[in-house]
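With compact mmCIF, C-alpha atoms (C1' of nucleotides) inside, this is final.txt:
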```
# COMPACT_ATOMS: atom_id res chain seq x y z
CA MET A 257 16.34 -26.31 -14.86
CA ASP A 258 16.54 -29.06 -12.27
CA LYS A 259 13.68 -31.41 -11.48
CA LYS A 260 12.46 -29.55 -8.43
CA GLU A 261 12.14 -26.29 -10.35
CA GLN A 262 10.48 -28.18 -13.18
CA ILE A 263 7.90 -29.56 -10.77
CA LEU A 264 7.22 -26.10 -9.31
CA ALA A 265 6.86 -24.61 -12.78
CA SER A 266 4.43 -27.31 -13.89
CA ALA A 267 2.44 -27.05 -10.67
CA LEU A 268 2.10 -23.29 -11.15
CA LYS A 269 0.82 -23.66 -14.68
CA LEU A 270 -1.69 -26.38 -13.81
CA PHE A 271 -2.90 -24.93 -10.51
CA VAL A 272 -3.72 -21.61 -12.16
CA GLU A 273 -5.52 -23.29 -15.03
CA PHE A 274 -7.38 -26.04 -13.19
CA GLY A 275 -7.25 -25.09 -9.52
CA PHE A 276 -5.79 -27.08 -6.67
CA HIS A 277 -8.52 -29.67 -6.81
CA GLY A 278 -8.44 -29.96 -10.56
CA THR A 279 -4.76 -30.87 -10.74
CA PRO A 280 -3.71 -34.32 -9.55
CA THR A 281 -0.11 -34.78 -8.51
CA SER A 282 0.21 -37.33 -11.28
CA LYS A 283 -0.51 -34.66 -13.92
CA ILE A 284 2.03 -32.33 -12.35
CA ALA A 285 4.67 -35.04 -12.49
CA LYS A 286 3.81 -35.88 -16.08
CA GLU A 287 3.92 -32.24 -17.18
CA ALA A 288 7.26 -31.84 -15.43
CA GLY A 289 8.62 -34.93 -17.12
CA VAL A 290 9.36 -36.76 -13.91
CA SER A 291 7.88 -39.78 -12.21
CA ASN A 292 5.27 -39.79 -9.49
CA GLY A 293 7.83 -40.89 -6.96
CA THR A 294 10.17 -38.03 -7.76
CA LEU A 295 7.50 -35.48 -6.99
CA PHE A 296 7.03 -36.97 -3.55
CA HIS A 297 10.76 -37.16 -3.07
CA TYR A 298 10.92 -33.36 -3.22
CA PHE A 299 7.57 -32.55 -1.63
CA ALA A 300 6.30 -34.75 1.17
CA THR A 301 2.67 -33.82 0.46
CA LYS A 302 0.69 -31.95 -2.14
CA GLU A 303 0.00 -29.32 0.48
CA ASP A 304 3.74 -28.81 0.93
CA LEU A 305 4.06 -28.26 -2.79
CA ILE A 306 1.33 -25.63 -2.72
CA LYS A 307 2.98 -23.85 0.20
CA GLU A 308 6.50 -23.96 -1.14
CA LEU A 309 5.36 -22.67 -4.51
CA TYR A 310 3.70 -19.73 -2.80
CA ILE A 311 6.74 -18.86 -0.73
CA THR A 312 9.10 -19.20 -3.68
CA ILE A 313 7.06 -16.84 -5.82
CA LYS A 314 6.69 -14.28 -3.06
CA ASN A 315 10.40 -14.30 -2.39
CA ASP A 316 11.18 -13.92 -6.08
CA LEU A 317 8.85 -10.97 -6.28
CA ASN A 318 10.33 -9.22 -3.27
CA GLN A 319 13.85 -9.79 -4.50
CA PHE A 320 12.91 -8.32 -7.87
CA LEU A 321 11.21 -5.28 -6.36
CA PHE A 322 14.04 -4.35 -4.03
CA SER A 323 16.66 -4.97 -6.68
CA LYS A 324 15.28 -1.93 -8.50
CA ILE A 325 16.15 0.43 -5.68
CA THR A 326 19.37 2.41 -5.78
CA PRO A 327 20.97 3.88 -2.63
CA GLU A 328 20.36 7.49 -3.60
CA ASP A 329 16.58 6.97 -3.87
CA GLY A 330 14.47 8.85 -1.35
CA VAL A 331 11.46 7.32 0.34
CA GLU A 332 9.03 8.63 -2.25
CA ALA A 333 11.12 7.33 -5.11
CA ILE A 334 11.39 3.92 -3.47
CA ILE A 335 7.66 3.67 -2.89
CA LYS A 336 6.98 4.70 -6.46
CA LYS A 337 9.43 2.15 -7.80
CA VAL A 338 7.94 -0.63 -5.70
CA PHE A 339 4.50 0.32 -6.95
CA ILE A 340 5.37 0.61 -10.61
CA TYR A 341 7.66 -2.39 -10.80
CA PHE A 342 5.15 -4.57 -9.00
CA ILE A 343 2.69 -3.95 -11.80
CA TYR A 344 5.26 -4.64 -14.48
CA TRP A 345 6.26 -7.82 -12.68
CA ALA A 346 2.64 -8.91 -12.45
CA LEU A 347 2.13 -8.21 -16.15
CA ASP A 348 5.22 -10.25 -17.00
CA ASN A 349 4.28 -13.02 -14.56
CA ARG A 350 0.53 -13.24 -14.76
CA GLU A 351 0.36 -16.85 -13.67
CA LYS A 352 2.51 -16.18 -10.63
CA ASN A 353 0.44 -13.18 -9.65
CA HIS A 354 -2.77 -15.09 -10.13
CA TYR A 355 -1.43 -17.95 -8.07
CA ILE A 356 -0.63 -15.65 -5.15
CA GLN A 357 -4.17 -14.33 -5.14
CA GLN A 358 -5.54 -17.82 -5.51
CA VAL A 359 -3.70 -18.99 -2.39
CA LEU A 360 -4.68 -15.84 -0.52
CA PHE A 361 -8.36 -16.65 -0.87
CA SER A 362 -8.05 -20.34 -0.20
CA PRO A 363 -7.77 -22.33 3.01
CA HIS A 364 -4.16 -23.09 2.11
CA ILE A 365 -3.13 -19.67 3.30
CA PHE A 366 -3.76 -20.79 6.87
CA GLN A 367 -1.21 -23.56 6.41
CA ILE A 368 1.53 -21.01 5.86
CA SER A 369 3.07 -19.94 9.13
CA GLU A 370 2.40 -16.45 10.40
CA SER A 371 6.13 -15.69 10.66
CA VAL A 372 6.78 -16.47 7.00
CA LEU A 373 3.94 -14.20 5.93
CA MET A 374 5.15 -11.41 8.21
CA GLU A 375 8.69 -11.68 6.93
CA GLN A 376 7.49 -11.03 3.40
CA SER A 377 5.59 -7.86 4.19
CA GLN A 378 8.14 -6.54 6.68
CA LYS A 379 10.14 -4.45 4.24
CA HIS A 380 7.00 -2.87 2.81
CA ILE A 381 5.72 -2.07 6.29
CA GLN A 382 9.08 -0.49 7.12
CA LEU A 383 8.85 1.70 4.04
CA ILE A 384 5.48 3.01 5.11
CA GLU A 385 6.65 3.75 8.65
CA GLU A 386 9.61 5.61 7.24
CA ALA A 387 7.35 7.67 5.01
CA LYS A 388 5.09 8.42 7.96
CA ALA A 389 8.07 9.41 10.14
CA THR A 390 9.33 11.88 7.57
CA LYS A 391 5.80 13.35 7.37
CA ILE A 392 5.56 12.62 3.66
CA ILE A 393 2.33 10.68 4.01
CA LYS A 394 -0.70 11.03 6.23
CA GLU A 395 -0.88 9.82 9.82
CA LEU A 396 -3.01 6.76 9.27
CA PRO A 397 -2.51 3.31 10.79
CA THR A 398 0.32 1.59 8.97
CA ASP A 399 -1.74 -1.53 8.35
CA LEU A 400 -4.46 0.55 6.75
CA ILE A 401 -2.02 2.25 4.41
CA TYR A 402 -0.48 -1.10 3.53
CA THR A 403 -3.84 -2.64 2.78
CA LEU A 404 -5.05 0.33 0.75
CA ALA A 405 -1.86 0.46 -1.28
CA ASN A 406 -2.10 -3.23 -1.99
CA SER A 407 -5.72 -2.99 -3.05
CA HIS A 408 -5.07 -0.01 -5.26
CA LEU A 409 -2.18 -1.86 -6.85
CA MET A 410 -4.37 -4.81 -7.66
CA GLY A 411 -7.07 -2.51 -8.97
CA ILE A 412 -4.71 -0.87 -11.43
CA TYR A 413 -3.30 -4.23 -12.43
CA ASN A 414 -6.72 -5.70 -13.05
CA TYR A 415 -7.47 -2.85 -15.38
CA VAL A 416 -4.24 -2.65 -17.35
CA VAL A 417 -3.96 -6.41 -17.76
CA ASN A 418 -6.69 -6.24 -20.41
CA LEU A 419 -5.12 -3.27 -22.21
CA PRO A 420 -2.79 -3.37 -25.21
CA PRO A 421 0.80 -2.92 -23.93
CA ASP A 422 1.28 0.54 -25.45
CA GLN A 423 -1.60 1.98 -23.43
CA GLN A 424 -0.52 0.56 -20.10
CA LYS A 425 2.21 2.98 -19.08
CA PRO A 426 0.18 6.18 -18.66
CA ILE A 427 -2.47 4.38 -16.62
CA ILE A 428 0.14 2.85 -14.34
CA GLU A 429 1.91 6.20 -13.84
CA ASN A 430 -1.38 7.96 -13.24
CA GLY A 431 -2.46 5.14 -10.96
CA PHE A 432 0.48 5.78 -8.72
CA GLU A 433 -0.26 9.50 -8.62
CA MET A 434 -3.82 8.78 -7.53
CA LEU A 435 -2.62 6.62 -4.68
CA TRP A 436 0.04 9.12 -3.72
CA ASP A 437 -2.44 11.99 -3.66
CA MET A 438 -4.70 9.89 -1.49
CA LEU A 439 -1.95 9.16 1.00
CA THR A 440 -0.39 12.62 1.18
CA GLU A 441 -1.94 15.64 2.81
CA GLN A 442 -4.10 17.85 0.58
CA LYS A 443 -4.78 21.51 1.19
CA MET B 286 -35.55 -23.13 5.99
CA ASP B 287 -36.17 -25.66 3.23
CA LYS B 288 -33.69 -28.33 2.26
CA LYS B 289 -32.26 -26.48 -0.71
CA GLU B 290 -31.43 -23.44 1.38
CA GLN B 291 -30.02 -25.71 4.05
CA ILE B 292 -27.71 -27.29 1.51
CA LEU B 293 -26.56 -23.91 0.22
CA ALA B 294 -25.92 -22.69 3.78
CA SER B 295 -23.90 -25.77 4.66
CA ALA B 296 -21.96 -25.62 1.43
CA LEU B 297 -21.06 -21.99 2.11
CA LYS B 298 -19.78 -22.74 5.57
CA LEU B 299 -17.73 -25.75 4.49
CA PHE B 300 -16.35 -24.29 1.25
CA VAL B 301 -15.03 -21.25 3.08
CA GLU B 302 -13.46 -23.34 5.81
CA PHE B 303 -12.05 -26.21 3.77
CA GLY B 304 -12.11 -25.04 0.15
CA PHE B 305 -13.86 -26.64 -2.79
CA HIS B 306 -11.56 -29.60 -2.85
CA GLY B 307 -11.62 -30.08 0.88
CA THR B 308 -15.39 -30.44 1.09
CA PRO B 309 -16.93 -33.62 -0.26
CA THR B 310 -20.57 -33.48 -1.24
CA SER B 311 -21.25 -36.13 1.38
CA LYS B 312 -20.10 -33.77 4.15
CA ILE B 313 -22.29 -31.00 2.80
CA ALA B 314 -25.30 -33.30 2.84
CA LYS B 315 -24.51 -34.47 6.36
CA GLU B 316 -24.05 -30.93 7.67
CA ALA B 317 -27.33 -29.93 6.03
CA GLY B 318 -29.10 -32.90 7.57
CA VAL B 319 -30.16 -34.40 4.26
CA SER B 320 -29.17 -37.48 2.35
CA ASN B 321 -26.63 -37.71 -0.41
CA GLY B 322 -29.38 -38.28 -2.93
CA THR B 323 -31.28 -35.17 -1.90
CA LEU B 324 -28.28 -32.99 -2.58
CA PHE B 325 -28.07 -34.31 -6.12
CA HIS B 326 -31.80 -33.90 -6.53
CA TYR B 327 -31.38 -30.14 -6.17
CA PHE B 328 -27.97 -29.75 -7.78
CA ALA B 329 -27.07 -31.93 -10.74
CA THR B 330 -23.36 -31.58 -10.08
CA LYS B 331 -21.06 -30.18 -7.42
CA GLU B 332 -20.02 -27.54 -9.92
CA ASP B 333 -23.65 -26.45 -10.24
CA LEU B 334 -23.83 -26.09 -6.49
CA ILE B 335 -20.73 -23.90 -6.47
CA LYS B 336 -22.13 -21.74 -9.26
CA GLU B 337 -25.62 -21.39 -7.84
CA LEU B 338 -24.26 -20.50 -4.43
CA TYR B 339 -22.19 -17.75 -6.01
CA ILE B 340 -25.08 -16.32 -7.98
CA THR B 341 -27.45 -16.49 -5.01
CA ILE B 342 -25.05 -14.58 -2.78
CA LYS B 343 -24.33 -11.95 -5.41
CA ASN B 344 -28.02 -11.38 -6.01
CA ASP B 345 -28.72 -11.11 -2.29
CA LEU B 346 -25.97 -8.56 -1.96
CA ASN B 347 -27.19 -6.43 -4.85
CA GLN B 348 -30.75 -6.55 -3.61
CA PHE B 349 -29.60 -5.44 -0.17
CA LEU B 350 -27.47 -2.60 -1.52
CA PHE B 351 -30.14 -1.13 -3.77
CA SER B 352 -32.83 -1.52 -1.13
CA LYS B 353 -31.02 1.17 0.86
CA ILE B 354 -31.53 3.79 -1.82
CA THR B 355 -34.44 6.20 -1.59
CA PRO B 356 -35.80 8.03 -4.66
CA GLU B 357 -34.68 11.47 -3.49
CA ASP B 358 -31.03 10.39 -3.26
CA GLY B 359 -28.65 12.11 -5.68
CA VAL B 360 -25.87 10.27 -7.47
CA GLU B 361 -23.29 11.07 -4.83
CA ALA B 362 -25.56 9.90 -2.03
CA ILE B 363 -26.29 6.67 -3.88
CA ILE B 364 -22.64 5.92 -4.48
CA LYS B 365 -21.84 6.64 -0.86
CA LYS B 366 -24.62 4.37 0.33
CA VAL B 367 -23.55 1.55 -1.95
CA PHE B 368 -20.00 1.92 -0.66
CA ILE B 369 -20.83 2.12 3.03
CA TYR B 370 -23.51 -0.53 3.03
CA PHE B 371 -21.36 -2.94 1.10
CA ILE B 372 -18.85 -2.87 3.90
CA TYR B 373 -21.49 -3.35 6.55
CA TRP B 374 -22.94 -6.21 4.57
CA ALA B 375 -19.51 -7.81 4.25
CA LEU B 376 -18.91 -7.41 7.97
CA ASP B 377 -22.25 -9.05 8.74
CA ASN B 378 -21.73 -11.76 6.11
CA ARG B 379 -18.04 -12.54 6.26
CA GLU B 380 -18.39 -16.05 4.96
CA LYS B 381 -20.43 -14.89 1.98
CA ASN B 382 -17.96 -12.17 1.16
CA HIS B 383 -15.05 -14.55 1.48
CA TYR B 384 -16.81 -17.05 -0.74
CA ILE B 385 -17.28 -14.50 -3.50
CA GLN B 386 -13.58 -13.71 -3.48
CA GLN B 387 -12.74 -17.39 -3.35
CA VAL B 388 -14.75 -18.08 -6.50
CA LEU B 389 -13.32 -15.00 -8.21
CA PHE B 390 -9.80 -16.38 -7.95
CA SER B 391 -10.65 -19.94 -8.84
CA PRO B 392 -11.23 -21.65 -12.18
CA HIS B 393 -14.92 -21.95 -11.27
CA ILE B 394 -15.45 -18.34 -12.24
CA PHE B 395 -15.02 -19.33 -15.88
CA GLN B 396 -17.94 -21.71 -15.53
CA ILE B 397 -20.27 -18.84 -14.78
CA SER B 398 -21.68 -17.36 -17.95
CA GLU B 399 -20.52 -13.95 -19.05
CA SER B 400 -24.07 -12.62 -19.19
CA VAL B 401 -24.80 -13.49 -15.56
CA LEU B 402 -21.63 -11.74 -14.45
CA MET B 403 -22.42 -8.68 -16.54
CA GLU B 404 -25.95 -8.49 -15.21
CA GLN B 405 -24.64 -8.22 -11.68
CA SER B 406 -22.27 -5.35 -12.30
CA GLN B 407 -24.60 -3.53 -14.68
CA LYS B 408 -26.25 -1.31 -12.08
CA HIS B 409 -22.92 -0.30 -10.59
CA ILE B 410 -21.54 0.53 -14.01
CA GLN B 411 -24.64 2.63 -14.73
CA LEU B 412 -24.10 4.55 -11.51
CA ILE B 413 -20.56 5.43 -12.52
CA GLU B 414 -21.61 6.53 -16.00
CA GLU B 415 -24.27 8.73 -14.47
CA ALA B 416 -21.74 10.31 -12.14
CA LYS B 417 -19.39 10.90 -15.05
CA ALA B 418 -22.20 12.43 -17.15
CA THR B 419 -23.10 14.90 -14.43
CA LYS B 420 -19.39 15.83 -14.16
CA ILE B 421 -19.25 14.83 -10.49
CA ILE B 422 -16.32 12.49 -10.97
CA LYS B 423 -13.28 12.54 -13.20
CA GLU B 424 -13.27 11.55 -16.85
CA LEU B 425 -11.59 8.19 -16.51
CA PRO B 426 -12.55 4.94 -18.24
CA THR B 427 -15.63 3.54 -16.51
CA ASP B 428 -14.04 0.13 -16.09
CA LEU B 429 -11.05 1.68 -14.39
CA ILE B 430 -13.23 3.57 -11.93
CA TYR B 431 -15.24 0.43 -11.26
CA THR B 432 -12.13 -1.63 -10.62
CA LEU B 433 -10.53 1.01 -8.42
CA ALA B 434 -13.68 1.48 -6.36
CA ASN B 435 -13.97 -2.25 -5.89
CA SER B 436 -10.35 -2.59 -4.85
CA HIS B 437 -10.58 0.31 -2.44
CA LEU B 438 -13.70 -1.20 -0.95
CA MET B 439 -11.98 -4.50 -0.33
CA GLY B 440 -8.97 -2.70 1.11
CA ILE B 441 -11.07 -0.87 3.67
CA TYR B 442 -12.96 -4.05 4.46
CA ASN B 443 -9.79 -6.04 4.96
CA TYR B 444 -8.64 -3.49 7.47
CA VAL B 445 -11.81 -2.94 9.48
CA VAL B 446 -12.63 -6.63 9.64
CA ASN B 447 -9.92 -7.03 12.28
CA LEU B 448 -11.04 -3.99 14.26
CA PRO B 449 -13.37 -3.93 17.28
CA PRO B 450 -16.84 -2.89 16.06
CA ASP B 451 -16.83 0.51 17.80
CA GLN B 452 -13.76 1.62 15.85
CA GLN B 453 -15.04 0.60 12.43
CA LYS B 454 -17.40 3.43 11.60
CA PRO B 455 -14.91 6.34 11.37
CA ILE B 456 -12.54 4.31 9.19
CA ILE B 457 -15.35 3.33 6.84
CA GLU B 458 -16.62 6.91 6.56
CA ASN B 459 -13.12 8.21 6.05
CA GLY B 460 -12.43 5.40 3.61
CA PHE B 461 -15.25 6.60 1.42
CA GLU B 462 -13.98 10.18 1.55
CA MET B 463 -10.55 9.02 0.39
CA LEU B 464 -12.03 7.23 -2.58
CA TRP B 465 -14.31 10.14 -3.37
CA ASP B 466 -11.43 12.63 -3.26
CA MET B 467 -9.51 10.36 -5.56
CA LEU B 468 -12.32 10.19 -8.09
CA THR B 469 -13.37 13.84 -8.04
CA GLU B 470 -11.39 16.72 -9.48
CA GLN B 471 -8.95 18.46 -7.10
CA LYS B 472 -7.74 22.04 -7.51
C1' DA C 141 -59.63 -43.60 -4.57
C1' DC C 142 -56.06 -43.21 -8.25
C1' DC C 143 -52.37 -41.35 -10.57
C1' DT C 144 -48.54 -38.40 -11.30
C1' DT C 145 -45.07 -35.57 -9.87
C1' DT C 146 -41.78 -34.30 -6.73
C1' DG C 147 -38.96 -35.06 -2.64
C1' DT C 148 -36.04 -38.09 0.10
C1' DA C 149 -33.25 -41.72 1.46
C1' DG C 150 -28.95 -44.32 1.53
C1' DA C 151 -26.53 -48.23 -0.17
C1' DG C 152 -23.79 -48.99 -4.14
C1' DT C 153 -20.24 -48.14 -8.05
C1' DG C 154 -16.62 -47.03 -10.99
C1' DA C 155 -13.15 -43.91 -11.33
C1' DT C 156 -9.62 -41.26 -9.35
C1' DT C 157 -6.17 -39.84 -6.15
C1' DA C 158 -2.47 -38.97 -2.71
C1' DG C 159 0.96 -41.22 -1.10
C1' DT C 160 4.02 -45.81 -0.53
C1' DC C 161 7.49 -48.97 -1.55
C1' DA C 162 10.93 -51.91 -3.30
C1' DA C 163 14.05 -51.79 -6.87
C1' DT C 164 17.40 -49.54 -9.80
C1' DC C 165 20.49 -45.89 -11.11
C1' DT C 166 24.08 -42.22 -10.45
C1' DA C 167 27.83 -39.78 -8.50
C1' DG C 168 30.93 -38.88 -5.08
C1' DT C 169 34.56 -40.78 -2.00
C1' DA C 170 38.05 -43.64 -0.16
C1' DT D 281 37.04 -51.33 -7.00
C1' DA D 282 33.67 -51.08 -3.35
C1' DC D 283 30.65 -48.47 -0.55
C1' DT D 284 27.28 -45.08 0.38
C1' DA D 285 23.74 -41.66 -0.02
C1' DG D 286 20.75 -39.48 -2.60
C1' DA D 287 17.88 -39.46 -6.90
C1' DT D 288 14.54 -41.74 -9.78
C1' DT D 289 11.25 -44.90 -11.23
C1' DG D 290 6.49 -46.72 -11.77
C1' DA D 291 3.56 -50.24 -10.23
C1' DC D 292 0.64 -50.55 -6.36
C1' DT D 293 -2.82 -49.52 -2.58
C1' DA D 294 -6.09 -47.93 0.50
C1' DA D 295 -9.10 -44.46 0.72
C1' DT D 296 -12.12 -41.21 -1.09
C1' DC D 297 -15.27 -39.05 -4.03
C1' DA D 298 -18.89 -37.59 -7.31
C1' DC D 299 -22.64 -39.34 -8.83
C1' DT D 300 -26.34 -43.29 -9.76
C1' DC D 301 -30.06 -46.16 -8.79
C1' DT D 302 -33.83 -48.23 -6.71
C1' DA D 303 -37.28 -47.83 -3.46
C1' DC D 304 -40.46 -45.47 -0.93
C1' DA D 305 -43.10 -41.42 0.91
C1' DA D 306 -45.70 -37.09 0.53
C1' DA D 307 -48.46 -33.94 -1.93
C1' DG D 308 -51.75 -32.54 -5.11
C1' DG D 309 -54.70 -32.75 -8.84
C1' DT D 310 -58.86 -35.04 -10.95
```
Transcribe the structure of this file into structure tokens.
Amino acid sequence: MDKKEQILASALKLFVEFGFHGTPTSKIAKEAGVSNGTLFHYFATKEDLIKELYITIKNDLNQFLFSKITPEDGVEAIIKKVFIYFIYWALDNREKNHYIQQVLFSPHIFQISESVLMEQSQKHIQLIEEAKATKIIKELPTDLIYTLANSHLMGIYNYVVNLPPDQQKPIIENGFEMLWDMLTEQK
Amino acid sequence: MDKKEQILASALKLFVEFGFHGTPTSKIAKEAGVSNGTLFHYFATKEDLIKELYITIKNDLNQFLFSKITPEDGVEAIIKKVFIYFIYWALDNREKNHYIQQVLFSPHIFQISESVLMEQSQKHIQLIEEAKATKIIKELPTDLIYTLANSHLMGIYNYVVNLPPDQQKPIIENGFEMLWDMLTEQK
DNA sequence: ACCTTTGTAGAGTGATTAGTCAATCTAGTA
DNA sequence: TACTAGATTGACTAATCACTCTACAAAGGT
């Protein structure tokens, strides 16, 4: 792992444990095994480090999610995969998931440009529009569906994260069904 | 408003806008119109201020929610009221709601004693158990229901917060129905 | 009137921090 | 070999911050 990645990895660990305030750049550099100067060679400011870490993680996540899709998958299968694999990713990358939420409810989120944030949700939004177009899911505002799906996802995650691994799968599967039932028409 | 309340109000405003790190105690004192010393007369440490602000807001919220219940309300009516009025409270107290979330995803949450946190969710948990006992809602783990309801609530809030006020009501009402359908048995 | 407690002020302090800078190292290229 | 550009170091600095301390004022009890 090169120095830049090392710095990002150390920053992630420390930010999640001690918060942005609680982690001086000097500790990040130390943990990463590099000098103070090197940190500022790669990241002009601490704020830049926070931002870049966020964007890196989000991109990794999206790449992972969409790598699970195969061409023959229908819209429903894709949505289900995105849902399920997000939770497995979050369980395997708890710090990263926590960090994303941490940034989301901090003033740092406003430092990240609107266009970057949009870019990351674009594919998910597209999926929803597609599902709406093919009449699979209800005619609700796309943003509402997106928000509800996200919230539900986090709800399931928050519950299963405290469960022993062998009990997680049925809850996750059932969790998706609950969301799906909510979003599809019921007679 | 006495000085202590003034300090809490100023802290809320500044913490939400600039984060915990971004707001020095000196700025809080200035904004509140008191001296540095006065702030530390009421709150031994900055951390104490952060904690007490959290607990105060949570208690206010709970008091508000349960003040809306009348004795003749059944379990379903109570749950609906708690749901609906939470959203209205959050819309009327955006900073307070944002602050709660901010603390939740920060290391400061670990500084708040387990018993205080439990006490605040106790009534909500009781409500769910009651609803389960009377067979109104599905037989799922109480914690799971609690988490899902919370998530759904925040999802609806996140959507309506960007809507003009006259369009909020139908979404909120419908939002509750979606959750209720999800938690009650479907044939 | 006297004393005690509590509230308030604001200058002061020691520690910490983000970011700088000049110097050295490394690797690629000609 | 000589040159260059980027990488790396770590001591240094200017600023900031949480918190202290001393002094004084207000309130209230006896």
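Our summary of the geometry notes that CA of His409 (chain B) is positioned 24.0 Å from CA of Phe361 (chain A).
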*asked:* Please find the residues of chain D near chain B - the criterion being any atom within 12 Å, counting only C-alpha atoms (C1' of nucleotides) - and write them as a list in words.
replied: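 Taken together, these residues fit the definition: DT296, DC297, DA298, DC299, DT300, DC301 and DT302 of chain D.
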Contacts of chain C with chain A up to 9 Å, shortest pair per row, only C-alpha atoms (C1' of nucleotides), as a Markdown table:
```
| residue | atom | partner | partner_atom | distance |
| --- | --- | --- | --- | --- |
| C:DT157 | C1' | A:Pro280 | CA | 6.9 |
| C:DA158 | C1' | A:Thr281 | CA | 7.5 |
| C:DG159 | C1' | A:Thr301 | CA | 7.8 |
| C:DT160 | C1' | A:Gly293 | CA | 8.9 |
```
Report task. Pull out every residue of chain A that has at least one atom within 6 Å of chain B, counting all atoms listed in the file, and report them as a PyMOL selection string. Result -> chain A and resi 274-275+277+358+361+363+400+403-404+407-408+411+415
- With a distance cut-off of 7 Å and only C-alpha atoms (C1' of nucleotides), select the neighbouring residues of region 309-319 of chain A, excluding the residue or stretch itself and same-chain residues fewer than 4 positions from it, and output the selection as number ranges by chain. A: 264, 305, 323, 352, 356
Correct to one decimal, the distance CA of Thr469 (chain B)-CA of Ile422 (chain B) is 4.4 Å
Note to self: I need every residue sitting at most 12 Å from the point (-28.0, -33.6, 2.3) (coordinates as in the file, only C-alpha atoms (C1' of nucleotides) considered), written as a PyMOL selection string.
What the structure shows: (chain B and resi 287-296+309-328) or (chain C and resi 148-150)
### Message
Restricting the calculation to all atoms listed in the file: of D:DT289, D:DA295, D:DA303, D:DC283, which residue gets closest to DA151 (chain C)?
### Response
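Closest to DA151 (chain C) of all the choices is D:DA303.
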The distance between CA of Ile421 (chain B) and CA of Glu361 (chain B) is 7.9 Å
Open item on the list: I'd like the neighbourhood of region 305-310 of chain D as a PyMOL selection string, where a residue qualifies if any of its atoms comes within 12 Å (using all atoms listed in the file), though same-chain residues fewer than 5 positions away should be ignored.
Closed with: chain C and resi 141-149
